[in-house]
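**Q** Sharing data_10.pdb (PDB, C-alpha atoms) below.
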```pdb
ATOM      1  CA  MET A   1     118.299 107.234  93.588
ATOM      2  CA  ALA A   2     114.976 106.185  95.094
ATOM      3  CA  LEU A   3     114.234 102.470  95.148
ATOM      4  CA  LEU A   4     110.658 103.284  94.093
ATOM      5  CA  SER A   5     109.465 106.463  92.445
ATOM      6  CA  VAL A   6     105.780 107.173  91.766
ATOM      7  CA  ARG A   7     104.895 110.197  89.633
ATOM      8  CA  ASP A   8     101.421 111.619  88.946
ATOM      9  CA  LEU A   9      99.906 108.138  89.306
ATOM     10  CA  ARG A  10      96.255 107.795  88.409
ATOM     11  CA  HIS A  11      93.951 104.798  88.304
ATOM     12  CA  THR A  12      90.326 104.845  87.194
ATOM     13  CA  TYR A  13      88.264 101.658  87.369
ATOM     14  CA  PRO A  14      86.053 100.576  84.432
ATOM     15  CA  ASN A  15      82.956 101.864  86.256
ATOM     16  CA  GLY A  16      84.460 105.362  86.202
ATOM     17  CA  PHE A  17      85.529 105.507  89.867
ATOM     18  CA  SER A  18      88.805 107.415  90.206
ATOM     19  CA  ALA A  19      90.706 105.659  93.014
ATOM     20  CA  ILE A  20      94.119 107.330  92.622
ATOM     21  CA  LYS A  21      94.383 110.964  91.533
ATOM     22  CA  GLY A  22      97.806 112.288  90.633
ATOM     23  CA  LEU A  23      99.839 110.666  93.415
ATOM     24  CA  SER A  24     103.607 111.296  93.603
ATOM     25  CA  PHE A  25     106.137 110.066  96.193
ATOM     26  CA  ASP A  26     109.486 108.277  96.553
ATOM     27  CA  VAL A  27     110.547 105.345  98.696
ATOM     28  CA  THR A  28     114.196 104.825  99.595
ATOM     29  CA  ALA A  29     115.765 101.440 100.283
ATOM     30  CA  GLY A  30     115.267 100.259 103.867
ATOM     31  CA  GLU A  31     112.231 102.401 104.668
ATOM     32  CA  PHE A  32     109.149 101.189 106.522
ATOM     33  CA  LEU A  33     106.517 103.337 104.824
ATOM     34  CA  VAL A  34     102.978 103.070 106.168
ATOM     35  CA  VAL A  35     100.033 104.243 104.064
ATOM     36  CA  ILE A  36      96.952 105.314 106.019
ATOM     37  CA  GLY A  37      93.488 106.599 105.194
ATOM     38  CA  LEU A  38      89.821 105.702 105.309
ATOM     39  CA  SER A  39      88.487 102.655 103.496
ATOM     40  CA  GLY A  40      88.137 103.637  99.860
ATOM     41  CA  SER A  41      90.937 106.221 100.038
ATOM     42  CA  GLY A  42      93.018 104.329  97.458
ATOM     43  CA  LYS A  43      95.467 102.418  99.677
ATOM     44  CA  SER A  44      94.873  98.952  98.202
ATOM     45  CA  THR A  45      94.667 100.305  94.657
ATOM     46  CA  LEU A  46      98.068 101.934  95.167
ATOM     47  CA  LEU A  47      99.742  98.679  96.218
ATOM     48  CA  ARG A  48      98.128  96.799  93.346
ATOM     49  CA  CYS A  49      99.417  99.381  90.893
ATOM     50  CA  ILE A  50     102.931  99.101  92.345
ATOM     51  CA  ASN A  51     103.028  95.324  91.897
ATOM     52  CA  ARG A  52     101.127  95.678  88.617
ATOM     53  CA  LEU A  53      98.129  93.587  89.565
ATOM     54  CA  LEU A  54      96.364  96.703  88.271
ATOM     55  CA  GLU A  55      97.324  98.698  85.193
ATOM     56  CA  PRO A  56      97.830 102.403  85.993
ATOM     57  CA  THR A  57      95.619 104.684  83.943
ATOM     58  CA  SER A  58      98.394 107.287  83.674
ATOM     59  CA  GLY A  59     101.521 108.491  85.416
ATOM     60  CA  SER A  60     104.653 106.440  86.043
ATOM     61  CA  ILE A  61     106.107 103.876  88.430
ATOM     62  CA  THR A  62     109.892 103.473  88.403
ATOM     63  CA  MET A  63     111.694 100.783  90.386
ATOM     64  CA  ASN A  64     115.482 100.669  90.638
ATOM     65  CA  GLY A  65     115.614 103.164  87.791
ATOM     66  CA  THR A  66     113.452 101.039  85.461
ATOM     67  CA  ASP A  67     110.037 102.238  84.281
ATOM     68  CA  VAL A  68     107.598  99.418  85.093
ATOM     69  CA  THR A  69     104.369 101.347  84.544
ATOM     70  CA  HIS A  70     103.196  99.339  81.554
ATOM     71  CA  CYS A  71     105.691  96.471  81.419
ATOM     72  CA  VAL A  72     104.469  93.196  79.935
ATOM     73  CA  GLY A  73     105.648  89.642  79.377
ATOM     74  CA  GLU A  74     109.031  88.737  80.827
ATOM     75  CA  ASP A  75     109.576  92.264  82.130
ATOM     76  CA  LEU A  76     106.301  92.065  84.093
ATOM     77  CA  ARG A  77     107.191  88.630  85.471
ATOM     78  CA  ARG A  78     110.603  89.923  86.564
ATOM     79  CA  HIS A  79     109.048  92.964  88.237
ATOM     80  CA  ARG A  80     106.480  90.927  90.142
ATOM     81  CA  SER A  81     109.105  88.424  91.264
ATOM     82  CA  SER A  82     111.025  91.266  92.947
ATOM     83  CA  ILE A  83     108.012  92.229  95.084
ATOM     84  CA  GLY A  84     106.553  90.257  97.977
ATOM     85  CA  MET A  85     102.834  90.687  98.668
ATOM     86  CA  ILE A  86     100.964  90.063 101.918
ATOM     87  CA  PHE A  87      97.175  90.373 101.907
ATOM     88  CA  GLN A  88      94.596  90.891 104.640
ATOM     89  CA  HIS A  89      93.275  87.408 103.900
ATOM     90  CA  PHE A  90      96.103  84.946 104.049
ATOM     91  CA  ASN A  91      95.430  83.173 100.713
ATOM     92  CA  LEU A  92      96.879  79.875 101.926
ATOM     93  CA  ILE A  93      95.880  76.431 100.668
ATOM     94  CA  GLY A  94      94.423  75.065 103.877
ATOM     95  CA  ARG A  95      94.734  71.357 103.122
ATOM     96  CA  HIS A  96      98.422  71.673 102.227
ATOM     97  CA  THR A  97     101.230  71.821 104.757
ATOM     98  CA  VAL A  98     102.720  75.027 106.067
ATOM     99  CA  LEU A  99     106.018  74.181 104.343
ATOM    100  CA  ASP A 100     104.322  73.630 100.976
ATOM    101  CA  ASN A 101     102.487  76.944 101.290
ATOM    102  CA  VAL A 102     105.773  78.747 101.883
ATOM    103  CA  LEU A 103     107.397  76.942  98.956
ATOM    104  CA  TYR A 104     104.620  78.207  96.674
ATOM    105  CA  GLY A 105     106.315  81.581  96.997
ATOM    106  CA  THR A 106     108.923  80.298  94.544
ATOM    107  CA  LEU A 107     106.407  79.454  91.804
ATOM    108  CA  GLY A 108     107.340  82.486  89.727
ATOM    109  CA  ARG A 109     110.874  81.075  89.472
ATOM    110  CA  THR A 110     110.044  77.369  89.384
ATOM    111  CA  PRO A 111     109.448  75.282  86.221
ATOM    112  CA  ALA A 112     105.776  74.417  85.666
ATOM    113  CA  TRP A 113     106.336  70.681  86.066
ATOM    114  CA  ALA A 114     108.017  71.225  89.437
ATOM    115  CA  SER A 115     105.218  73.398  90.765
ATOM    116  CA  ILE A 116     102.513  70.955  89.644
ATOM    117  CA  THR A 117     104.231  67.946  91.212
ATOM    118  CA  ARG A 118     105.556  69.902  94.190
ATOM    119  CA  LYS A 119     109.113  68.834  93.357
ATOM    120  CA  PHE A 120     111.105  71.529  95.083
ATOM    121  CA  THR A 121     114.873  71.486  95.512
ATOM    122  CA  LYS A 122     116.663  70.926  98.812
ATOM    123  CA  GLU A 123     117.925  74.517  98.637
ATOM    124  CA  GLN A 124     114.350  75.777  98.284
ATOM    125  CA  ARG A 125     113.151  73.626 101.177
ATOM    126  CA  ASP A 126     116.030  74.765 103.388
ATOM    127  CA  ARG A 127     115.254  78.393 102.557
ATOM    128  CA  ALA A 128     111.545  77.862 103.288
ATOM    129  CA  LEU A 129     112.388  76.420 106.706
ATOM    130  CA  ALA A 130     114.740  79.343 107.363
ATOM    131  CA  ASN A 131     111.963  81.805 106.502
ATOM    132  CA  LEU A 132     109.553  79.982 108.796
ATOM    133  CA  ASP A 133     112.183  80.287 111.519
ATOM    134  CA  ILE A 134     112.360  84.055 110.911
ATOM    135  CA  VAL A 135     108.639  84.336 111.720
ATOM    136  CA  GLY A 136     108.872  81.906 114.623
ATOM    137  CA  ILE A 137     106.896  78.894 113.371
ATOM    138  CA  ALA A 138     109.444  76.482 111.900
ATOM    139  CA  ASP A 139     108.003  73.841 114.240
ATOM    140  CA  LYS A 140     104.699  74.033 112.304
ATOM    141  CA  ALA A 141     106.240  73.151 108.923
ATOM    142  CA  GLY A 142     104.572  69.745 108.646
ATOM    143  CA  VAL A 143     101.037  70.620 109.808
ATOM    144  CA  ARG A 144      98.093  71.647 107.646
ATOM    145  CA  ALA A 145      97.833  75.398 107.143
ATOM    146  CA  ASP A 146      94.163  75.442 108.147
ATOM    147  CA  SER A 147      95.036  74.074 111.595
ATOM    148  CA  LEU A 148      96.840  77.305 112.511
ATOM    149  CA  SER A 149      95.482  80.412 114.209
ATOM    150  CA  GLY A 150      94.915  83.559 112.181
ATOM    151  CA  GLY A 151      98.134  85.162 113.377
ATOM    152  CA  GLN A 152     100.130  82.034 112.567
ATOM    153  CA  GLN A 153      98.606  81.858 109.089
ATOM    154  CA  GLN A 154      99.614  85.468 108.439
ATOM    155  CA  ARG A 155     103.151  84.605 109.519
ATOM    156  CA  VAL A 156     103.117  81.751 106.983
ATOM    157  CA  ALA A 157     102.055  84.294 104.362
ATOM    158  CA  ILE A 158     105.007  86.502 105.342
ATOM    159  CA  ALA A 159     107.412  83.559 105.064
ATOM    160  CA  ARG A 160     105.938  82.747 101.635
ATOM    161  CA  ALA A 161     106.522  86.329 100.466
ATOM    162  CA  LEU A 162     110.135  86.149 101.676
ATOM    163  CA  MET A 163     110.756  83.210  99.330
ATOM    164  CA  GLN A 164     110.852  85.722  96.480
ATOM    165  CA  GLU A 165     113.777  87.525  98.165
ATOM    166  CA  PRO A 166     111.880  90.741  97.460
ATOM    167  CA  SER A 167     113.304  94.218  97.050
ATOM    168  CA  ILE A 168     110.030  95.546  98.433
ATOM    169  CA  LEU A 169     107.508  93.836 100.693
ATOM    170  CA  LEU A 170     103.950  95.128 100.234
ATOM    171  CA  ALA A 171     101.467  94.446 103.037
ATOM    172  CA  ASP A 172      97.812  95.302 102.459
ATOM    173  CA  GLU A 173      96.081  95.600 105.852
ATOM    174  CA  PRO A 174      98.011  92.579 107.199
ATOM    175  CA  VAL A 175      96.472  92.776 110.700
ATOM    176  CA  ALA A 176      92.933  93.888 109.860
ATOM    177  CA  SER A 177      91.425  90.488 110.672
ATOM    178  CA  LEU A 178      93.538  89.823 113.777
ATOM    179  CA  ASP A 179      93.051  90.582 117.464
ATOM    180  CA  PRO A 180      95.192  93.312 119.103
ATOM    181  CA  ALA A 181      97.803  91.047 120.693
ATOM    182  CA  THR A 182      98.259  89.057 117.496
ATOM    183  CA  SER A 183      98.449  92.270 115.471
ATOM    184  CA  HIS A 184     101.556  93.353 117.354
ATOM    185  CA  SER A 185     103.084  89.912 116.899
ATOM    186  CA  VAL A 186     102.688  90.096 113.113
ATOM    187  CA  MET A 187     103.900  93.709 112.970
ATOM    188  CA  LYS A 188     106.994  92.857 115.004
ATOM    189  CA  TYR A 189     107.971  90.244 112.421
ATOM    190  CA  LEU A 190     107.542  92.778 109.620
ATOM    191  CA  GLU A 191     109.670  95.192 111.665
ATOM    192  CA  ARG A 192     112.350  92.540 112.123
ATOM    193  CA  ILE A 193     112.445  91.814 108.397
ATOM    194  CA  ASN A 194     112.796  95.538 107.721
ATOM    195  CA  LYS A 195     115.460  96.293 110.338
ATOM    196  CA  GLU A 196     117.532  93.112 110.402
ATOM    197  CA  PHE A 197     117.430  92.211 106.727
ATOM    198  CA  GLY A 198     117.041  95.660 105.213
ATOM    199  CA  THR A 199     113.904  94.781 103.260
ATOM    200  CA  THR A 200     111.876  97.828 102.270
ATOM    201  CA  VAL A 201     108.289  97.601 103.533
ATOM    202  CA  ILE A 202     105.202  99.470 102.326
ATOM    203  CA  CYS A 203     102.277  98.646 104.584
ATOM    204  CA  ASN A 204      98.642  99.775 104.607
ATOM    205  CA  LEU A 205      97.274 100.218 108.136
ATOM    206  CA  HIS A 206      94.254 101.706 109.897
ATOM    207  CA  PHE A 207      95.387 102.065 113.511
ATOM    208  CA  LEU A 208      97.615 105.045 114.307
ATOM    209  CA  SER A 209      98.955 103.367 117.447
ATOM    210  CA  LEU A 210     100.555 100.747 115.199
ATOM    211  CA  VAL A 211     101.667 103.404 112.733
ATOM    212  CA  ARG A 212     103.472 105.394 115.419
ATOM    213  CA  GLN A 213     105.253 102.300 116.706
ATOM    214  CA  TYR A 214     106.408 100.721 113.452
ATOM    215  CA  ALA A 215     106.510 103.298 110.636
ATOM    216  CA  SER A 216     109.608 105.261 109.684
ATOM    217  CA  ARG A 217     107.454 107.476 107.443
ATOM    218  CA  VAL A 218     103.739 107.908 106.762
ATOM    219  CA  LEU A 219     101.778 108.690 103.615
ATOM    220  CA  ALA A 220      98.120 109.575 104.206
ATOM    221  CA  LEU A 221      95.561 109.314 101.410
ATOM    222  CA  LYS A 222      92.118 110.858 101.183
ATOM    223  CA  SER A 223      89.903 110.272  98.152
ATOM    224  CA  GLY A 224      92.902 109.087  96.139
ATOM    225  CA  GLU A 225      95.127 112.073  96.930
ATOM    226  CA  ALA A 226      98.018 112.577  99.343
ATOM    227  CA  VAL A 227      97.035 114.832 102.263
ATOM    228  CA  PHE A 228     100.015 114.143 104.543
ATOM    229  CA  GLU A 229     103.559 112.844 104.167
ATOM    230  CA  GLY A 230     106.058 112.818 107.002
ATOM    231  CA  SER A 231     107.007 111.344 110.364
ATOM    232  CA  PRO A 232     104.340 109.441 112.321
ATOM    233  CA  LEU A 233     105.150 111.706 115.279
ATOM    234  CA  GLU A 234     103.924 114.686 113.250
ATOM    235  CA  ILE A 235     100.353 113.359 113.069
ATOM    236  CA  THR A 236      98.634 115.664 115.528
ATOM    237  CA  ASP A 237      94.956 115.621 116.468
ATOM    238  CA  GLU A 238      94.403 118.240 113.775
ATOM    239  CA  TRP A 239      96.059 116.065 111.141
ATOM    240  CA  PHE A 240      94.030 113.083 112.362
ATOM    241  CA  ARG A 241      90.792 114.988 111.733
ATOM    242  CA  THR A 242      92.063 116.117 108.314
ATOM    243  CA  ILE A 243      92.806 112.530 107.317
ATOM    244  CA  TYR A 244      89.849 110.745 108.885
ATOM    245  CA  GLY A 245      87.182 113.427 109.323
ATOM    246  CA  ASP A 246      85.912 115.535 112.226
ATOM    247  CA  ASP A 247      83.753 112.744 113.670
ATOM    248  CA  ALA A 248      86.500 110.103 113.695
ATOM    249  CA  VAL A 249      87.749 108.727 117.013
ATOM    250  CA  GLU A 250      91.203 107.206 117.323
ATOM    251  CA  VAL A 251      91.207 103.582 118.507
ATOM    252  CA  GLU A 252      94.436 102.287 120.009
ATOM    253  CA  ILE A 253      95.830  98.779 119.776
ATOM    254  CA  ARG A 254      97.924  98.124 122.869
TER     255      ARG A 254
END
```
As structure tokens - that is how I would like this structure written.

**A**
Amino acid sequence: MALLSVRDLRHTYPNGFSAIKGLSFDVTAGEFLVVIGLSGSGKSTLLRCINRLLEPTSGSITMNGTDVTHCVGEDLRRHRSSIGMIFQHFNLIGRHTVLDNVLYGTLGRTPAWASITRKFTKEQRDRALANLDIVGIADKAGVRADSLSGGQQQRVAIARALMQEPSILLADEPVASLDPATSHSVMKYLERINKEFGTTVICNLHFLSLVRQYASRVLALKSGEAVFEGSPLEITDEWFRTIYGDDAVEVEIR
């Protein structure tokens, strides 16, 4: 059974723009699936439908055999708590410490009074420090988040997502605002989480050089539809032009 199964998924925004048009694919446990395509191709909308930040217009999303397409209330909270989300912009609270920002990843499972007063358990704090160690910045636990570099802040965001002990880690253009060297650093931590801990990763990316290095499988979108699905090694120059257009030029991140 697939960990995630998407069938004939469609999403139309209130202004009438159809961002996803009949998309179907499966994701098995332990995969590192990378979604590629031009800006506006539907990549971010897809991730937001999977974690139900957006309501699908039609179609179905099944996770671990449970239909989560239109779940609400406690079922929605449970679904979201099983998914970690990493955004292009780090969404940290700059004036709070790195450790506190990571601990905020537990808020979906923490009583309201504890989250307001920042009264986290020793087990939660130990786990937050362990997750910071996974991404190589445990020594920054006590400093303000806004004192870190962009790459370090994204690693804090990864550690925060790991606090949910997610079945799937969704990453929406996690290196888009980073320089090339830092991009590889962040991607290597996502790769480690995937390979060493078995966490399934679905990641939106632009650069094919990163895709070829880190993806186990690729899904390419164009105008909300799948135009390619397969190994990153199968993306030839012809496929590149099909996905990105005849005038596109591949830019490598080394």

**Q** Run the PyMOL selection byres ((chain A and resi 130) around 12) against the file shown and list the residues it catches, as a list in words.

**A**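 This file, filtered by the PyMOL selection byres ((chain A and resi 130) around 12), leaves Leu99, Val102, Leu103, Glu123, Gln124, Arg125, Asp126, Arg127, Ala128, Leu129, Asn131, Leu132, Asp133, Ile134, Val135, Gly136, Ile137, Ala138, Asp139, Ala141, Val156, Ala159, Arg160, Leu162 and Met163 of chain A.
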
**Q** Work out how far CA of Arg217 (chain A) is from CA of Gly65 (chain A), in Å to one decimal.

**A**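 So the answer is 21.7 Å.
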
**Q** For Ala171 (chain A), list every protein, DNA or RNA residue within 7 Å, evaluated using only C-alpha atoms, and leave out those in the same chain fewer than 3 positions away; present the list as a PDB file with C-alpha atoms, keeping the file's coordinate frame.

**A**
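Done, and the output landed in part-v2.pdb:
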```pdb
ATOM      1  CA  MET A  85     102.834  90.687  98.668  1.00  0.00           C
ATOM      2  CA  ILE A  86     100.964  90.063 101.918  1.00  0.00           C
ATOM      3  CA  PHE A  87      97.175  90.373 101.907  1.00  0.00           C
ATOM      4  CA  PRO A 174      98.011  92.579 107.199  1.00  0.00           C
ATOM      5  CA  ILE A 202     105.202  99.470 102.326  1.00  0.00           C
ATOM      6  CA  CYS A 203     102.277  98.646 104.584  1.00  0.00           C
ATOM      7  CA  ASN A 204      98.642  99.775 104.607  1.00  0.00           C
TER       8      ASN A 204
END
```

**Q** Hey, what's within 12 Å of region 165-169 of chain A if we count all atoms listed in the file and toss same-chain stuff fewer than 2 positions away? As a PDB file with C-alpha atoms, in the coordinates of the input, please?

**A**
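Generated file (part.pdb):
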```pdb
ATOM      1  CA  LEU A   3     114.234 102.470  95.148  1.00  0.00           C
ATOM      2  CA  LEU A   4     110.658 103.284  94.093  1.00  0.00           C
ATOM      3  CA  VAL A  27     110.547 105.345  98.696  1.00  0.00           C
ATOM      4  CA  THR A  28     114.196 104.825  99.595  1.00  0.00           C
ATOM      5  CA  ALA A  29     115.765 101.440 100.283  1.00  0.00           C
ATOM      6  CA  GLY A  30     115.267 100.259 103.867  1.00  0.00           C
ATOM      7  CA  GLU A  31     112.231 102.401 104.668  1.00  0.00           C
ATOM      8  CA  PHE A  32     109.149 101.189 106.522  1.00  0.00           C
ATOM      9  CA  LEU A  33     106.517 103.337 104.824  1.00  0.00           C
ATOM     10  CA  VAL A  34     102.978 103.070 106.168  1.00  0.00           C
ATOM     11  CA  LEU A  47      99.742  98.679  96.218  1.00  0.00           C
ATOM     12  CA  ILE A  50     102.931  99.101  92.345  1.00  0.00           C
ATOM     13  CA  ASN A  51     103.028  95.324  91.897  1.00  0.00           C
ATOM     14  CA  MET A  63     111.694 100.783  90.386  1.00  0.00           C
ATOM     15  CA  ASN A  64     115.482 100.669  90.638  1.00  0.00           C
ATOM     16  CA  ARG A  78     110.603  89.923  86.564  1.00  0.00           C
ATOM     17  CA  HIS A  79     109.048  92.964  88.237  1.00  0.00           C
ATOM     18  CA  ARG A  80     106.480  90.927  90.142  1.00  0.00           C
ATOM     19  CA  SER A  81     109.105  88.424  91.264  1.00  0.00           C
ATOM     20  CA  SER A  82     111.025  91.266  92.947  1.00  0.00           C
ATOM     21  CA  ILE A  83     108.012  92.229  95.084  1.00  0.00           C
ATOM     22  CA  GLY A  84     106.553  90.257  97.977  1.00  0.00           C
ATOM     23  CA  MET A  85     102.834  90.687  98.668  1.00  0.00           C
ATOM     24  CA  ILE A  86     100.964  90.063 101.918  1.00  0.00           C
ATOM     25  CA  PHE A  87      97.175  90.373 101.907  1.00  0.00           C
ATOM     26  CA  GLY A 105     106.315  81.581  96.997  1.00  0.00           C
ATOM     27  CA  THR A 106     108.923  80.298  94.544  1.00  0.00           C
ATOM     28  CA  GLY A 108     107.340  82.486  89.727  1.00  0.00           C
ATOM     29  CA  ARG A 109     110.874  81.075  89.472  1.00  0.00           C
ATOM     30  CA  GLN A 124     114.350  75.777  98.284  1.00  0.00           C
ATOM     31  CA  ARG A 127     115.254  78.393 102.557  1.00  0.00           C
ATOM     32  CA  ALA A 128     111.545  77.862 103.288  1.00  0.00           C
ATOM     33  CA  ASN A 131     111.963  81.805 106.502  1.00  0.00           C
ATOM     34  CA  ALA A 157     102.055  84.294 104.362  1.00  0.00           C
ATOM     35  CA  ILE A 158     105.007  86.502 105.342  1.00  0.00           C
ATOM     36  CA  ALA A 159     107.412  83.559 105.064  1.00  0.00           C
ATOM     37  CA  ARG A 160     105.938  82.747 101.635  1.00  0.00           C
ATOM     38  CA  ALA A 161     106.522  86.329 100.466  1.00  0.00           C
ATOM     39  CA  LEU A 162     110.135  86.149 101.676  1.00  0.00           C
ATOM     40  CA  MET A 163     110.756  83.210  99.330  1.00  0.00           C
ATOM     41  CA  ALA A 171     101.467  94.446 103.037  1.00  0.00           C
ATOM     42  CA  ASP A 172      97.812  95.302 102.459  1.00  0.00           C
ATOM     43  CA  PRO A 174      98.011  92.579 107.199  1.00  0.00           C
ATOM     44  CA  LEU A 190     107.542  92.778 109.620  1.00  0.00           C
ATOM     45  CA  GLU A 191     109.670  95.192 111.665  1.00  0.00           C
ATOM     46  CA  ILE A 193     112.445  91.814 108.397  1.00  0.00           C
ATOM     47  CA  ASN A 194     112.796  95.538 107.721  1.00  0.00           C
ATOM     48  CA  PHE A 197     117.430  92.211 106.727  1.00  0.00           C
ATOM     49  CA  GLY A 198     117.041  95.660 105.213  1.00  0.00           C
ATOM     50  CA  THR A 199     113.904  94.781 103.260  1.00  0.00           C
ATOM     51  CA  THR A 200     111.876  97.828 102.270  1.00  0.00           C
ATOM     52  CA  VAL A 201     108.289  97.601 103.533  1.00  0.00           C
ATOM     53  CA  ILE A 202     105.202  99.470 102.326  1.00  0.00           C
ATOM     54  CA  CYS A 203     102.277  98.646 104.584  1.00  0.00           C
ATOM     55  CA  ASN A 204      98.642  99.775 104.607  1.00  0.00           C
TER      56      ASN A 204
END
```

**Q** Leaving out Val98 (chain A) and any residue of its chain fewer than 3 positions from it, which residues lie within 6 Å of it when counting only C-alpha atoms, given as a ChimeraX atom specification?

**A** /A:101,141,144-145

**Q** For the atom pair CA of Ser41 (chain A) and CA of Leu221 (chain A), what is the interatomic distance in Å to one decimal place?

**A** 5.7 Å

**Q** Which residues, written as a VMD selection string, have at least one atom at most 9 Å from Arg7 (chain A), with all atoms listed in the file counted and residues fewer than 6 positions away on the same chain left out?

**A** chain A and resid 22 to 26 59 to 62

**Q** Going by the chain IDs and residue numbers used in this file, which residues fall under the PyMOL selection byres ((chain A and resi 180-186) around 8)? Write them as a PyMOL selection string.

**A** chain A and resi 151+154-155+174-175+178-179+187-190+210+253-254

**Q** Determine the nearest neighbour of Ala220 (chain A) from the options A:Leu208, A:Ile243, A:Ala2, A:Val68, counting all atoms listed in the file.

**A** A:Ile243

**Q** Just the number, please: distance in Å from CA of Thr121 (chain A) to CA of Leu76 (chain A), one decimal.

**A**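 For CA of Thr121 (chain A) relative to CA of Leu76 (chain A), the distance reads 25.0 Å.
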
**Q** Which residue is closest to His70 (chain A)? Choose from A:Gln88, A:Tyr104, A:Gly94, A:Cys49 and count all atoms listed in the file.

**A**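 With all atoms listed in the file as the atom set, the closest residue is A:Cys49.
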
**Q** Taking 5 positions as the minimum chain separation for residues in the same chain, which residues sit within 12 Å of Thr242 (chain A) when counting only C-alpha atoms? Answer as an MDAnalysis selection string.

**A** chainID A and resid 37:38 220:223 226:228 235:237 247:248

**Q** What does the PyMOL selection byres ((chain A and resi 11) around 10) select in this file, as JSON, numbers by chain?

**A** {"A": [9, 10, 12, 13, 14, 16, 17, 18, 19, 20, 21, 22, 23, 42, 45, 46, 49, 54, 55, 56, 57, 58, 59, 224]}

**Q** With distances taken over only C-alpha atoms, which of A:Asn15, A:Thr97, A:Ser209, A:Ser216 is nearest to Asp146 (chain A)?

**A**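 Smallest distance to Asp146 (chain A) is found for A:Thr97.
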
**Q** My list of candidates is A:Gln164, A:Thr69, A:Gln213, A:Ser5. Which is closest to Leu107 (chain A) when distances are computed with only C-alpha atoms?

**A** A:Gln164

**Q** From the options A:Phe207, A:Phe90, A:Phe120, A:Trp239, which residue's atoms come nearest to Val35 (chain A), counting all atoms listed in the file?

**A**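 Residue with the minimum atom-to-atom distance to Val35 (chain A): A:Phe207.
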
**Q** Box in all listed atoms of region 12-26 of chain A, axis-aligned, with 4 Å more on each side; write out centre and edge lengths in Å to one decimal as AutoDock Vina command-line options.

**A**
```
--center_x 96.2 --center_y 106.4 --center_z 90.5 --size_x 34.5 --size_y 19.7 --size_z 20.1
```
